[in-house]
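Notes for the one structure printed next.
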Amino acid sequence: MAQKRKKFVNIPVLTHLAEESHEWPYENPLAPGHRMCPGCSIPPIVNMILLEYGKDTVTGSNTGCLEVTTGVFPYTAWTVPWIHVAFENNPAVLSGAEAAYKAFKKKGKIDKEIHFVSINGDGGSYDIGFQALSGAAERNHNMLYVCYNNEGYQNTGYQRSSATPIGAFTKTTPVGSKVVGKEEKRKDLTLIMAAHEIPYTAQANPFNYKDFVRKIRKSKEIKGFKFINVLQSCTLSWRTKPEDAFRVLKLATETLYWPLYEVIEGRFWRINVKPSKPKPIEDYIAMQPRWRHVLKMPEVLDRIKEEVYTKWDYLLRMEKLSKELAEDLGFTLDEIFEMSWEEYQEKVKPKLKEKTYLS
Amino acid sequence: MAVELIKERKTVAMTGNQAIAEAMRQINYDVVAAYPISPQTELMGFFAEYLANGLVDTEFVTVESEHSAMSAIIGAAASGARAMTATAAQGLLYMYENLPIASNWRLPITMVLVNRALSAPLNIHCDHSDAMTARDSGWLQLFTENSQEAYHSLIMAVKIAEKALLPVIVNMEGYIVSHTIGNVNLFADAEVRDWLGESDWRTTVPHPLLDTDHPVTYGATALPDYYTELKYQQHVATWSAKDVVKEVLREFNELAGTDYALVEPYKLEDADFAIVVMGSTAGVARTAADILRERGVKAGVLKVRLFRPFPVDEIVENLKHLKAVAVLDRHDSMNGLASPLFQDIAASLYHLPERPMLHDFVYGLGGREVTVEDMLKAFNRLINLYTGKETRSSFVDYLQVRE
């Protein structure tokens, strides 16, 4: 005879556990009690995003540090709806959720304005999830995609990703007598996303929170696909001290290693922070035990410098071209970036057409 | 809003792909996501025409891969949408990672699988090797014999999925059904919509993702302290799903005047020998049984319609009195034992004190044509094994191999 089966198993549902006693706005929308490492810079990144986007936001993540530390059954740190399916597909998952939202909206079955935000690590963005990211960007779903880039697979104990810099130690690129750390330079995902000509692409740094929050705010009013690549220090793998998380991030921008810039429709490029006197890249590397062996290796150091300074030069030139273009249209570049998305559509786009169409 | 095209029932000659597209239009899904793969491409092409002409309200997400198709559908279904996709062979394997997630989350998704042989060698024609890979994925599976059944099955699958809160695969054989014209009795649009009811995102799933006033976490990690319980609730749901399917078939039969059941016996009451089969081959097998009956052999056929969950009781009820049964597997599990349908039938009959002898025939691989002669050959071999005229070295024969 078949075993007698209980019809119901007592399993809690992961609706927000504190919804009875707390309500938006939260001070920390990513609720305390999550399992991230002390000194991890992911929580401030997520909190800044959620504080700007607010309660009516559907979020999601690929498998990774953020995912595994915020939802361990039967607990959740998410005070907004959140969905995680697998390692490489969150933008595709949110594509479906956003399509469902559009379908309900069309039929008049939902009134409120809902935003979609996908927050994922560099492994899930640069590597295994690149296809889903590119697809969702090309289809121009109305969502913000944030890559928290800690330059490696930290959740699995630090293996190389295509975001890992030249010379850095990882467990799959160890420092040996023949090969020293990762040999290849970083893939530039921000440039690749700008080349998708999506409405808005930006690179940010949680250290410069004013700039980061402004970019999040800007992304919220833009309809279509938005991408922000945020550098995120990893105390465990970069082996920086927990209390140095923001100091090391600060140096990343001050040394030009992680320039802060933003791009509209792949057309207008603006650099947000231009250090009057950039600090030497060595200062940034010296803070990171994962990487500082290269300080004694002039050839490797030279390759790192070549990558960083040619990229900086490239950005300066893109900005110069953008300034020229803006002036041709009768604006300053700052005006274009500071006007609302609606104004941009109304004022800039027609002039852009006028100037660039073959007559 | 969706346009009413068919105001009263009518019979139309159409291919399986056209019939499925027609069902999709009448169901008026909230979200469809798809990526092209033969022989499913044509189906989505027909549906896209309906979209382009404003005949449906569906949001069509033309994803960049099957992996993203299933991901998008999971996102849509978790949001409370009536959502579907369709694929075949390699496409199913590429999305596979997401299948057990959809079923564990109890998402009422429907998927049409236009059965196609798995590579290698690359082949676009029919066998069941794609469907068999999904047999342990937690998805319910219906097999269909022709365009009519495929059309009906997709409509009933929506109701099954929403009542059982489990995803459903509707299998339709590539080319043999998908591209072959047959008569299809179509419902009036309103009948389908009334029978299924308007989809309501607040109730389709118990905790819709879009309900921002009641935020829910989908996809938390569950460690050894909860994993078993989360699997057990799915286990109970899957075991109970058979009753849901029965109930939906009963309701559907009332609507359509059909007599669908979990399995379909043909001349089995007094039979000595039978073929068990799924899909379009059932028709060929029935013809072979008739020929044998003219020759005085009591032959019959059992067509399995519901493959997951496996209808054990119905299988036992229909086969227990037979002398010998030939199980036809349109797939080879390459496991040194036998293929899935055989294994399931054997396991179902195991507890009987007396049970029929079983033999497995692998047939119809990569679109190999299946003839009445093939079926007679299978019956013949089965009878000879039973009477001792022939012997066997394993449970499995390749029915159609050129040696």
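Please note that chains go A, B, ... in the order of the structure tokens, that every chain numbers its residues from 1, and that ligands are numbered from 1 in the order shown.
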Practice problem: Return as a ChimeraX atom specification the residues belonging to chain A that are within 6 Å of chain B, counting only C-alpha atoms. | Solution: /A:14-16,56,71-73,80-85,92-97,99-100,103,135
Quiz item: Out of range 104-208 of chain B, which residues get strand (DSSP E or B) from DSSP, as number ranges by chain?
Solution: B: 110-115, 140-143, 168-173, 182-186
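The neighbours of range 186-194 of chain B here are the residues that come within 7 Å of it, using only C-alpha atoms and leaving out any residue fewer than 5 positions away in the same chain; they are Glu4, Leu5, Ile6, Lys7, Glu8, Arg9, Lys10, Thr11, Gln26 and Ile27 of chain B.
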Grab the residues selected above and save them as a PDB file, in the first residue's frame with N, CA and C atoms.
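And here is the file that came out, result.pdb:
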ATOM      1  N   GLU B   4     -12.387  38.697 -31.557  1.00  0.00           N
ATOM      2  CA  GLU B   4     -13.081  37.410 -31.687  1.00  0.00           C
ATOM      3  C   GLU B   4     -13.096  37.017 -33.165  1.00  0.00           C
ATOM      4  N   LEU B   5     -12.376  35.972 -33.505  1.00  0.00           N
ATOM      5  CA  LEU B   5     -12.272  35.548 -34.907  1.00  0.00           C
ATOM      6  C   LEU B   5     -13.250  34.436 -35.233  1.00  0.00           C
ATOM      7  N   ILE B   6     -13.305  33.443 -34.324  1.00  0.00           N
ATOM      8  CA  ILE B   6     -14.155  32.279 -34.594  1.00  0.00           C
ATOM      9  C   ILE B   6     -15.360  32.345 -33.675  1.00  0.00           C
ATOM     10  N   LYS B   7     -16.530  32.556 -34.265  1.00  0.00           N
ATOM     11  CA  LYS B   7     -17.725  32.791 -33.451  1.00  0.00           C
ATOM     12  C   LYS B   7     -18.482  31.502 -33.157  1.00  0.00           C
ATOM     13  N   GLU B   8     -18.326  30.495 -34.032  1.00  0.00           N
ATOM     14  CA  GLU B   8     -18.882  29.190 -33.689  1.00  0.00           C
ATOM     15  C   GLU B   8     -17.945  28.084 -34.145  1.00  0.00           C
ATOM     16  N   ARG B   9     -18.128  26.915 -33.543  1.00  0.00           N
ATOM     17  CA  ARG B   9     -17.212  25.804 -33.823  1.00  0.00           C
ATOM     18  C   ARG B   9     -17.148  25.519 -35.315  1.00  0.00           C
ATOM     19  N   LYS B  10     -15.958  25.144 -35.758  1.00  0.00           N
ATOM     20  CA  LYS B  10     -15.842  24.746 -37.157  1.00  0.00           C
ATOM     21  C   LYS B  10     -14.686  23.779 -37.331  1.00  0.00           C
ATOM     22  N   THR B  11     -14.718  23.042 -38.420  1.00  0.00           N
ATOM     23  CA  THR B  11     -13.652  22.091 -38.715  1.00  0.00           C
ATOM     24  C   THR B  11     -12.783  22.659 -39.825  1.00  0.00           C
ATOM     25  N   GLN B  26      -6.536  31.652 -29.000  1.00  0.00           N
ATOM     26  CA  GLN B  26      -7.792  31.585 -28.235  1.00  0.00           C
ATOM     27  C   GLN B  26      -7.537  31.680 -26.729  1.00  0.00           C
ATOM     28  N   ILE B  27      -6.426  31.080 -26.285  1.00  0.00           N
ATOM     29  CA  ILE B  27      -6.072  31.164 -24.864  1.00  0.00           C
ATOM     30  C   ILE B  27      -5.726  32.614 -24.508  1.00  0.00           C
TER      31      ILE B  27
END
Quiz prompt | Pro44 in chain A environment, 9 Å, only C-alpha atoms, sequence neighbours closer than 3 positions dropped, as a list in words | solution = Asn28, Leu30, Cys40, Ser41, Asn47, Met48, Ile49 and Pro206 of chain A
Practice problem: Rounded to one decimal place, report the CA of Glu338 in chain A-CA of Thr59 in chain A distance in Å. | Solution: 26.6 Å
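Atom to atom, CA of Lys55 in chain A and CA of Ala137 in chain A stand 24.0 Å apart.
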Practice problem: For Gln203 in chain A, list every protein, DNA or RNA residue within 10 Å, evaluated using only C-alpha atoms, and leave out those in the same chain fewer than 6 positions away; present the list as a PyMOL selection string. | Solution: chain A and resi 146-147+189-191+211-212+215+227-231+258-263+271-272
Exercise. Run DSSP on the backbone and give me the residues of range 103-319 of chain A it puts in helix (DSSP H, G or I), as an NGL selection string.
Key: :A and (103-106 or 122-127 or 130-138 or 189-194 or 209-221 or 242-254 or 281-286 or 292-296 or 298-319)
Quiz item: Which residues, written as a ChimeraX atom specification, have at least one atom at most 12 Å from Ser233 in chain A, with only C-alpha atoms counted and residues fewer than 4 positions away on the same chain left out?
Solution: /A:37-45,121,148-152,154,205-207,237-252,258,284,287-288,290
Exercise. Quick one: pull the distance between CA of Ile124 in chain B and CA of Gly174 in chain B, Å, one decimal.
Key: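 Rounded to one decimal, the two atoms are 8.0 Å apart.
Using only C-alpha atoms, the nearest neighbour of Ser333 in chain B within the list B:Ala89, B:Val170, B:Leu365, B:Leu122 is B:Leu365.
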Applying 6 Å and only C-alpha atoms, which residues near Leu113 in chain B remain after dropping the ones on its own chain fewer than 3 positions away? List them as a CSV table (one decimal) with N, CA and C atoms, in the first residue's frame.
chain,number,residue,atom,x,y,z
B,86,ALA,N,7.5,27.5,-26.4
B,86,ALA,CA,7.6,26.2,-27.2
B,86,ALA,C,9.0,26.0,-27.6
B,87,THR,N,9.4,24.8,-27.7
B,87,THR,CA,10.8,24.5,-28.2
B,87,THR,C,10.9,23.1,-28.7
B,88,ALA,N,12.1,22.6,-28.9
B,88,ALA,CA,12.3,21.2,-29.4
B,88,ALA,C,13.8,20.9,-29.0
B,170,VAL,N,3.3,19.9,-23.3
B,170,VAL,CA,2.4,19.2,-24.3
B,170,VAL,C,3.3,18.8,-25.4
B,171,ASN,N,3.5,17.5,-25.6
B,171,ASN,CA,4.3,16.9,-26.7
B,171,ASN,C,3.6,16.8,-28.0
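Of the listed residues (B:Asn318, B:Thr281, B:Thr238, B:Ser147), B:Thr281 comes nearest to Arg368 in chain B; the distances count only C-alpha atoms.
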Quiz item: With only C-alpha atoms as the atoms that count, which of A:Ala132, A:Val300, A:Leu236, A:Ile114 lies nearest to Asn62 in chain A?
Solution: A:Ala132
